[in-house]
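Worksheet: the structure to be examined is printed underneath.
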Amino acid sequence: HFRFKTSTTNTNEMNDGDKSAARGVSYTESQLPSSGKLTVKTDRVVIQEMEQKLSAAYVLFAILSQCTLVRIIAAEETQEEMKQDNVSARESGRSKKSEPAKESQTRLAFTLRGKQVRARDLIKLSGNLKRMPFLPQLVVLDLSCNLIGPTNHGDLEDFLQFANSMLPQLHTLKLSENPTMGSQGIGELVDYIEDSTSLRNLELRLCDIGGEGMKKLANMKTPSTLEVLDVSFNRIGIKYVLKFIKDNRACQLLYNNNKMTAAEFQQARVSEGVSL
(Lines give C-alpha, C1' and ligand atoms only; values in the text may rest on other atoms or scores of the structure.)
Protein backbone atom coordinates (compact mmCIF):
# COMPACT_ATOMS: atom_id res chain seq x y z
CA HIS A 1 0.00 0.00 0.00
CA PHE A 2 1.10 3.55 -0.61
CA ARG A 3 -0.27 7.05 -0.39
CA PHE A 4 0.45 10.07 -2.52
CA LYS A 5 2.74 12.90 -1.53
CA THR A 6 1.06 16.30 -1.48
CA SER A 7 2.50 19.75 -1.06
CA THR A 8 0.84 22.90 0.24
CA THR A 9 1.92 26.43 -0.48
CA ASN A 10 0.53 29.76 0.68
CA THR A 11 -0.50 31.14 -2.69
CA ASN A 12 -1.84 34.40 -1.20
CA GLU A 13 1.75 35.62 -0.87
CA MET A 14 2.56 35.00 -4.58
CA ASN A 15 1.92 36.87 -7.77
CA ASP A 16 0.01 35.28 -10.67
CA GLY A 17 3.15 33.81 -12.27
CA ASP A 18 4.32 32.28 -8.99
CA LYS A 19 0.83 30.88 -8.32
CA SER A 20 0.81 29.20 -11.71
CA ALA A 21 4.26 27.72 -11.11
CA ALA A 22 3.29 26.55 -7.64
CA ARG A 23 0.19 24.82 -8.98
CA GLY A 24 2.36 23.06 -11.53
CA VAL A 25 4.83 21.87 -8.88
CA SER A 26 2.04 20.76 -6.56
CA TYR A 27 0.35 18.78 -9.37
CA THR A 28 3.60 17.04 -10.25
CA GLU A 29 4.43 16.11 -6.68
CA SER A 30 0.93 14.80 -6.06
CA GLN A 31 1.52 12.13 -8.72
CA LEU A 32 4.58 10.65 -7.02
CA PRO A 33 3.95 7.40 -5.12
CA SER A 34 5.32 7.51 -1.59
CA SER A 35 5.96 5.09 1.22
CA GLY A 36 4.73 7.79 3.62
CA LYS A 37 8.10 7.82 5.36
CA LEU A 38 9.44 10.67 3.25
CA THR A 39 12.82 9.05 2.56
CA VAL A 40 14.42 8.45 -0.82
CA LYS A 41 15.28 4.81 0.00
CA THR A 42 11.79 3.72 1.09
CA ASP A 43 10.13 5.64 -1.73
CA ARG A 44 12.43 3.97 -4.25
CA VAL A 45 11.35 0.53 -2.99
CA VAL A 46 7.69 1.44 -3.45
CA ILE A 47 8.30 2.74 -6.97
CA GLN A 48 10.28 -0.38 -7.91
CA GLU A 49 7.46 -2.61 -6.68
CA MET A 50 4.99 -0.65 -8.81
CA GLU A 51 7.28 -0.91 -11.84
CA GLN A 52 7.52 -4.70 -11.43
CA LYS A 53 3.74 -5.06 -11.21
CA LEU A 54 3.21 -2.84 -14.24
CA SER A 55 5.87 -4.74 -16.20
CA ALA A 56 4.28 -8.11 -15.34
CA ALA A 57 0.84 -6.83 -16.37
CA TYR A 58 2.25 -5.44 -19.62
CA VAL A 59 3.94 -8.73 -20.53
CA LEU A 60 0.80 -10.76 -19.72
CA PHE A 61 -1.28 -8.41 -21.88
CA ALA A 62 1.21 -8.83 -24.74
CA ILE A 63 1.06 -12.64 -24.44
CA LEU A 64 -2.74 -12.75 -24.37
CA SER A 65 -3.02 -10.29 -27.25
CA GLN A 66 -0.65 -12.28 -29.43
CA CYS A 67 -2.42 -15.56 -28.59
CA THR A 68 -5.74 -14.01 -29.61
CA LEU A 69 -4.34 -12.52 -32.81
CA VAL A 70 -2.61 -15.71 -33.97
CA ARG A 71 -5.69 -17.78 -33.11
CA ILE A 72 -7.87 -15.50 -35.27
CA ILE A 73 -5.39 -15.70 -38.14
CA ALA A 74 -5.25 -19.50 -37.84
CA ALA A 75 -9.04 -19.80 -37.87
CA GLU A 76 -9.38 -17.55 -40.92
CA GLU A 77 -6.68 -19.42 -42.82
CA THR A 78 -8.26 -22.78 -41.97
CA GLN A 79 -11.66 -21.59 -43.20
CA GLU A 80 -10.09 -20.42 -46.45
CA GLU A 81 -8.42 -23.80 -46.93
CA MET A 82 -11.75 -25.56 -46.37
CA LYS A 83 -13.44 -23.35 -48.96
CA GLN A 84 -10.76 -24.14 -51.52
CA ASP A 85 -11.03 -27.86 -50.77
CA ASN A 86 -14.81 -27.75 -51.24
CA VAL A 87 -14.44 -25.97 -54.57
CA SER A 88 -11.88 -28.54 -55.71
CA ALA A 89 -14.13 -31.38 -54.60
CA ARG A 90 -17.10 -30.00 -56.53
CA GLU A 91 -15.02 -29.45 -59.66
CA SER A 92 -13.67 -33.01 -59.57
CA GLY A 93 -16.99 -34.57 -58.57
CA ARG A 94 -15.54 -36.05 -55.37
CA SER A 95 -17.55 -36.56 -52.23
CA LYS A 96 -16.01 -34.38 -49.54
CA LYS A 97 -17.71 -36.32 -46.74
CA SER A 98 -15.96 -39.55 -47.68
CA GLU A 99 -12.49 -37.98 -47.40
CA PRO A 100 -10.55 -37.91 -44.11
CA ALA A 101 -9.97 -34.48 -42.56
CA LYS A 102 -6.81 -32.84 -43.83
CA GLU A 103 -4.23 -31.26 -41.58
CA SER A 104 -4.08 -27.49 -42.03
CA GLN A 105 -1.18 -26.30 -44.17
CA THR A 106 -1.15 -22.85 -42.59
CA ARG A 107 2.19 -21.87 -41.05
CA LEU A 108 2.13 -19.30 -38.26
CA ALA A 109 4.52 -16.92 -36.51
CA PHE A 110 4.23 -15.84 -32.86
CA THR A 111 6.10 -12.69 -31.82
CA LEU A 112 6.81 -11.03 -28.49
CA ARG A 113 9.65 -8.89 -29.81
CA GLY A 114 10.56 -6.01 -27.51
CA LYS A 115 7.90 -6.70 -24.85
CA GLN A 116 10.20 -6.65 -21.77
CA VAL A 117 9.85 -10.43 -21.41
CA ARG A 118 12.05 -11.95 -18.72
CA ALA A 119 12.78 -15.61 -18.05
CA ARG A 120 10.23 -15.63 -15.22
CA ASP A 121 7.53 -14.62 -17.74
CA LEU A 122 8.13 -17.70 -19.89
CA ILE A 123 5.95 -19.81 -17.59
CA LYS A 124 3.04 -17.48 -18.45
CA LEU A 125 3.85 -17.87 -22.13
CA SER A 126 3.99 -21.67 -22.07
CA GLY A 127 0.87 -21.84 -19.88
CA ASN A 128 -1.17 -19.81 -22.36
CA LEU A 129 0.29 -21.46 -25.45
CA LYS A 130 -0.69 -24.91 -24.14
CA ARG A 131 -4.34 -23.93 -24.52
CA MET A 132 -3.97 -22.74 -28.10
CA PRO A 133 -5.16 -25.01 -30.95
CA PHE A 134 -2.60 -23.57 -33.39
CA LEU A 135 0.53 -25.09 -31.78
CA PRO A 136 1.07 -27.70 -34.53
CA GLN A 137 1.09 -24.86 -37.08
CA LEU A 138 3.57 -22.61 -35.24
CA VAL A 139 6.86 -22.42 -37.16
CA VAL A 140 8.38 -19.09 -36.05
CA LEU A 141 8.80 -17.86 -32.47
CA ASP A 142 10.25 -14.37 -32.03
CA LEU A 143 11.43 -13.53 -28.50
CA SER A 144 14.10 -11.03 -29.56
CA CYS A 145 14.82 -7.65 -27.92
CA ASN A 146 13.84 -8.78 -24.43
CA LEU A 147 15.51 -9.58 -21.09
CA ILE A 148 15.56 -13.37 -21.27
CA GLY A 149 18.43 -15.15 -19.57
CA PRO A 150 19.29 -17.93 -17.11
CA THR A 151 17.78 -17.94 -13.61
CA ASN A 152 18.26 -20.00 -10.47
CA HIS A 153 14.78 -21.46 -11.02
CA GLY A 154 15.49 -22.87 -14.48
CA ASP A 155 12.74 -20.86 -16.16
CA LEU A 156 14.51 -20.74 -19.52
CA GLU A 157 15.37 -24.44 -19.44
CA ASP A 158 11.75 -25.36 -18.62
CA PHE A 159 10.43 -23.26 -21.49
CA LEU A 160 12.85 -24.79 -23.97
CA GLN A 161 11.73 -28.27 -22.89
CA PHE A 162 8.15 -27.14 -23.51
CA ALA A 163 9.14 -25.90 -26.97
CA ASN A 164 10.69 -29.24 -27.89
CA SER A 165 7.68 -31.24 -26.75
CA MET A 166 4.78 -28.94 -27.74
CA LEU A 167 6.04 -27.09 -30.84
CA PRO A 168 6.82 -29.94 -33.25
CA GLN A 169 7.01 -27.71 -36.36
CA LEU A 170 9.05 -24.83 -34.90
CA HIS A 171 11.86 -24.14 -37.37
CA THR A 172 12.88 -20.56 -36.48
CA LEU A 173 13.69 -19.32 -32.98
CA LYS A 174 14.68 -15.66 -32.63
CA LEU A 175 16.49 -14.79 -29.42
CA SER A 176 18.67 -11.90 -30.62
CA GLU A 177 19.20 -8.84 -28.42
CA ASN A 178 18.66 -10.59 -25.11
CA PRO A 179 21.78 -9.17 -23.43
CA THR A 180 21.27 -11.15 -20.21
CA MET A 181 21.51 -14.49 -22.04
CA GLY A 182 25.29 -14.80 -21.69
CA SER A 183 27.28 -18.01 -21.82
CA GLN A 184 25.21 -19.55 -18.99
CA GLY A 185 22.04 -19.14 -21.02
CA ILE A 186 23.73 -20.76 -23.99
CA GLY A 187 24.46 -23.75 -21.77
CA GLU A 188 20.71 -24.21 -21.26
CA LEU A 189 20.02 -23.58 -24.93
CA VAL A 190 22.45 -26.27 -26.09
CA ASP A 191 20.28 -29.05 -24.66
CA TYR A 192 17.30 -27.71 -26.58
CA ILE A 193 19.26 -27.49 -29.84
CA GLU A 194 20.64 -31.02 -29.53
CA ASP A 195 17.19 -32.49 -28.83
CA SER A 196 15.34 -30.56 -31.53
CA THR A 197 14.12 -32.38 -34.61
CA SER A 198 12.72 -29.35 -36.44
CA LEU A 199 14.93 -26.31 -35.69
CA ARG A 200 16.48 -24.79 -38.84
CA ASN A 201 17.30 -21.19 -37.92
CA LEU A 202 18.54 -19.87 -34.59
CA GLU A 203 19.25 -16.16 -34.10
CA LEU A 204 21.52 -15.15 -31.20
CA ARG A 205 22.83 -11.72 -32.20
CA LEU A 206 23.79 -9.36 -29.37
CA CYS A 207 23.29 -11.91 -26.59
CA ASP A 208 26.68 -11.32 -24.91
CA ILE A 209 27.62 -14.99 -25.18
CA GLY A 210 31.36 -14.35 -25.48
CA GLY A 211 34.03 -16.94 -26.14
CA GLU A 212 32.72 -19.32 -23.48
CA GLY A 213 29.26 -19.36 -25.04
CA MET A 214 30.71 -20.01 -28.50
CA LYS A 215 32.77 -22.85 -27.03
CA LYS A 216 29.57 -24.52 -25.83
CA LEU A 217 27.98 -24.13 -29.26
CA ALA A 218 31.07 -25.47 -31.00
CA ASN A 219 31.19 -28.54 -28.76
CA MET A 220 27.51 -29.45 -28.97
CA LYS A 221 26.07 -32.21 -31.12
CA THR A 222 24.46 -30.09 -33.83
CA PRO A 223 21.27 -31.60 -35.26
CA SER A 224 21.16 -32.24 -39.00
CA THR A 225 18.12 -29.97 -39.33
CA LEU A 226 19.97 -26.79 -38.24
CA GLU A 227 20.77 -24.70 -41.31
CA VAL A 228 21.67 -21.23 -39.95
CA LEU A 229 23.13 -20.11 -36.62
CA ASP A 230 23.64 -16.36 -36.18
CA VAL A 231 26.08 -15.33 -33.42
CA SER A 232 27.02 -11.88 -34.74
CA PHE A 233 27.88 -9.05 -32.29
CA ASN A 234 28.84 -11.30 -29.37
CA ARG A 235 32.54 -10.61 -28.52
CA ILE A 236 33.54 -13.99 -29.96
CA GLY A 237 37.12 -14.84 -30.90
CA ILE A 238 38.18 -16.95 -33.84
CA LYS A 239 39.12 -20.22 -32.08
CA TYR A 240 35.67 -21.73 -31.59
CA VAL A 241 34.28 -20.12 -34.72
CA LEU A 242 36.79 -22.18 -36.70
CA LYS A 243 35.91 -25.30 -34.72
CA PHE A 244 32.18 -24.89 -35.38
CA ILE A 245 32.77 -24.33 -39.09
CA LYS A 246 35.02 -27.37 -39.33
CA ASP A 247 32.60 -29.69 -37.50
CA ASN A 248 29.35 -28.41 -39.02
CA ARG A 249 29.67 -28.04 -42.77
CA ALA A 250 25.92 -28.33 -43.28
CA CYS A 251 25.13 -25.38 -40.99
CA GLN A 252 25.91 -21.80 -41.99
CA LEU A 253 27.46 -19.80 -39.16
CA LEU A 254 26.99 -16.01 -39.22
CA TYR A 255 29.63 -14.29 -37.10
CA ASN A 256 29.94 -10.67 -38.24
CA ASN A 257 31.22 -7.93 -35.91
CA ASN A 258 32.94 -10.06 -33.33
CA LYS A 259 36.27 -10.02 -31.51
CA MET A 260 38.38 -10.80 -34.57
CA THR A 261 40.95 -8.95 -36.57
CA ALA A 262 40.42 -8.48 -40.29
CA ALA A 263 42.97 -11.23 -40.96
CA GLU A 264 41.19 -13.64 -38.59
CA PHE A 265 37.83 -12.90 -40.14
CA GLN A 266 39.34 -13.61 -43.57
CA GLN A 267 40.77 -16.88 -42.22
CA ALA A 268 37.31 -17.92 -41.02
CA ARG A 269 35.82 -17.10 -44.40
CA VAL A 270 38.46 -19.17 -46.16
CA SER A 271 37.72 -22.10 -43.83
CA GLU A 272 34.13 -21.91 -45.02
CA GLY A 273 35.35 -22.32 -48.57
CA VAL A 274 34.47 -18.75 -49.53
CA SER A 275 36.61 -17.27 -52.30
CA LEU A 276 37.96 -13.84 -51.33
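Quick note on naming: the chains in the C-alpha coordinates go A, B, ... in the order shown, residues restart at 1 in each chain, and ligands are numbered from 1 in order of appearance.
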
Give me the residues within 7 Å of region 180-186 of chain A as a ChimeraX atom specification, counting only C-alpha atoms and dropping any in the same chain fewer than 5 places off. /A:147-150,207-210,212-213

Go ahead and write the selection's residues with N, CA and C atoms as a PDB file, in the first residue's frame.
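selection_9.pdb, freshly written:
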ATOM      1  N   LEU A 147      14.571  -9.461 -22.218  1.00  0.00           N
ATOM      2  CA  LEU A 147      15.512  -9.584 -21.086  1.00  0.00           C
ATOM      3  C   LEU A 147      15.577 -11.035 -20.614  1.00  0.00           C
ATOM      4  N   ILE A 148      15.573 -11.947 -21.575  1.00  0.00           N
ATOM      5  CA  ILE A 148      15.559 -13.371 -21.268  1.00  0.00           C
ATOM      6  C   ILE A 148      16.982 -13.875 -21.001  1.00  0.00           C
ATOM      7  N   GLY A 149      17.131 -14.597 -19.920  1.00  0.00           N
ATOM      8  CA  GLY A 149      18.435 -15.149 -19.572  1.00  0.00           C
ATOM      9  C   GLY A 149      18.271 -16.246 -18.537  1.00  0.00           C
ATOM     10  N   PRO A 150      19.361 -16.836 -18.096  1.00  0.00           N
ATOM     11  CA  PRO A 150      19.289 -17.926 -17.111  1.00  0.00           C
ATOM     12  C   PRO A 150      18.851 -17.419 -15.748  1.00  0.00           C
ATOM     13  N   CYS A 207      23.717 -11.200 -27.799  1.00  0.00           N
ATOM     14  CA  CYS A 207      23.295 -11.910 -26.589  1.00  0.00           C
ATOM     15  C   CYS A 207      24.422 -12.022 -25.566  1.00  0.00           C
ATOM     16  N   ASP A 208      25.552 -11.356 -25.841  1.00  0.00           N
ATOM     17  CA  ASP A 208      26.683 -11.320 -24.909  1.00  0.00           C
ATOM     18  C   ASP A 208      27.142 -12.727 -24.515  1.00  0.00           C
ATOM     19  N   ILE A 209      27.251 -13.614 -25.503  1.00  0.00           N
ATOM     20  CA  ILE A 209      27.616 -14.995 -25.181  1.00  0.00           C
ATOM     21  C   ILE A 209      29.119 -15.171 -25.021  1.00  0.00           C
ATOM     22  N   GLY A 210      29.917 -14.302 -25.642  1.00  0.00           N
ATOM     23  CA  GLY A 210      31.364 -14.348 -25.483  1.00  0.00           C
ATOM     24  C   GLY A 210      31.997 -15.637 -25.974  1.00  0.00           C
ATOM     25  N   GLU A 212      33.167 -18.130 -24.209  1.00  0.00           N
ATOM     26  CA  GLU A 212      32.718 -19.316 -23.479  1.00  0.00           C
ATOM     27  C   GLU A 212      31.411 -19.856 -24.055  1.00  0.00           C
ATOM     28  N   GLY A 213      30.517 -18.936 -24.427  1.00  0.00           N
ATOM     29  CA  GLY A 213      29.259 -19.361 -25.042  1.00  0.00           C
ATOM     30  C   GLY A 213      29.479 -20.005 -26.397  1.00  0.00           C
TER      31      GLY A 213
END

Any chance you could list, as a ChimeraX atom specification, the residues in region 143-252 of chain A that come up alpha helix (DSSP H) when DSSP is run on the backbone? /A:155-166,182-195,210-219,238-247

If you count only C-alpha atoms, which residues fall within 12 Å of Asp195 (chain A), apart from same-chain ones fewer than 6 positions away, as a VMD selection string? chain A and resid 160 to 165 168 188 to 189 220 to 226

Per DSSP on the backbone, filter region 174-263 of chain A down to the residues in strand (DSSP E) and report them as number ranges by chain. A: 174, 201-203, 228-230, 252-254

Once you have the residues from the selection above, write them out as a PDB file, in the first residue's frame, restricted to N, CA and C atoms.
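Result file follows (again_25.pdb):
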ATOM      1  N   LYS A 174      13.963 -16.935 -32.646  1.00  0.00           N
ATOM      2  CA  LYS A 174      14.676 -15.660 -32.633  1.00  0.00           C
ATOM      3  C   LYS A 174      14.880 -15.202 -31.191  1.00  0.00           C
ATOM      4  N   ASN A 201      16.661 -22.499 -38.049  1.00  0.00           N
ATOM      5  CA  ASN A 201      17.301 -21.185 -37.921  1.00  0.00           C
ATOM      6  C   ASN A 201      17.269 -20.728 -36.468  1.00  0.00           C
ATOM      7  N   LEU A 202      18.435 -20.358 -35.955  1.00  0.00           N
ATOM      8  CA  LEU A 202      18.536 -19.868 -34.585  1.00  0.00           C
ATOM      9  C   LEU A 202      19.300 -18.550 -34.597  1.00  0.00           C
ATOM     10  N   GLU A 203      18.657 -17.494 -34.095  1.00  0.00           N
ATOM     11  CA  GLU A 203      19.254 -16.159 -34.097  1.00  0.00           C
ATOM     12  C   GLU A 203      19.669 -15.776 -32.679  1.00  0.00           C
ATOM     13  N   VAL A 228      21.043 -22.543 -40.174  1.00  0.00           N
ATOM     14  CA  VAL A 228      21.667 -21.233 -39.947  1.00  0.00           C
ATOM     15  C   VAL A 228      21.740 -20.936 -38.455  1.00  0.00           C
ATOM     16  N   LEU A 229      22.926 -20.545 -38.005  1.00  0.00           N
ATOM     17  CA  LEU A 229      23.130 -20.108 -36.620  1.00  0.00           C
ATOM     18  C   LEU A 229      23.804 -18.742 -36.667  1.00  0.00           C
ATOM     19  N   ASP A 230      23.125 -17.733 -36.135  1.00  0.00           N
ATOM     20  CA  ASP A 230      23.638 -16.360 -36.182  1.00  0.00           C
ATOM     21  C   ASP A 230      24.149 -15.949 -34.804  1.00  0.00           C
ATOM     22  N   GLN A 252      25.249 -23.080 -41.735  1.00  0.00           N
ATOM     23  CA  GLN A 252      25.912 -21.800 -41.992  1.00  0.00           C
ATOM     24  C   GLN A 252      26.015 -20.995 -40.699  1.00  0.00           C
ATOM     25  N   LEU A 253      27.221 -20.617 -40.343  1.00  0.00           N
ATOM     26  CA  LEU A 253      27.456 -19.802 -39.156  1.00  0.00           C
ATOM     27  C   LEU A 253      27.649 -18.352 -39.574  1.00  0.00           C
ATOM     28  N   LEU A 254      26.845 -17.447 -38.982  1.00  0.00           N
ATOM     29  CA  LEU A 254      26.985 -16.012 -39.223  1.00  0.00           C
ATOM     30  C   LEU A 254      27.672 -15.406 -38.007  1.00  0.00           C
TER      31      LEU A 254
END

Using only C-alpha atoms, I'd like a table of the residues in region 95-187 of chain A that come within 8 Å of region 71-82 of chain A; for each, show the closest atom pair and its distance in Å rounded to one decimal, ordered by chain and ascending number, as a tab-separated table.
residue	atom	partner	partner_atom	distance
A:Ser104	CA	A:Thr78	CA	6.3
A:Thr106	CA	A:Glu77	CA	6.5
A:Leu108	CA	A:Ala74	CA	7.4
A:Met132	CA	A:Arg71	CA	7.3
A:Pro133	CA	A:Arg71	CA	7.6
A:Phe134	CA	A:Arg71	CA	6.6
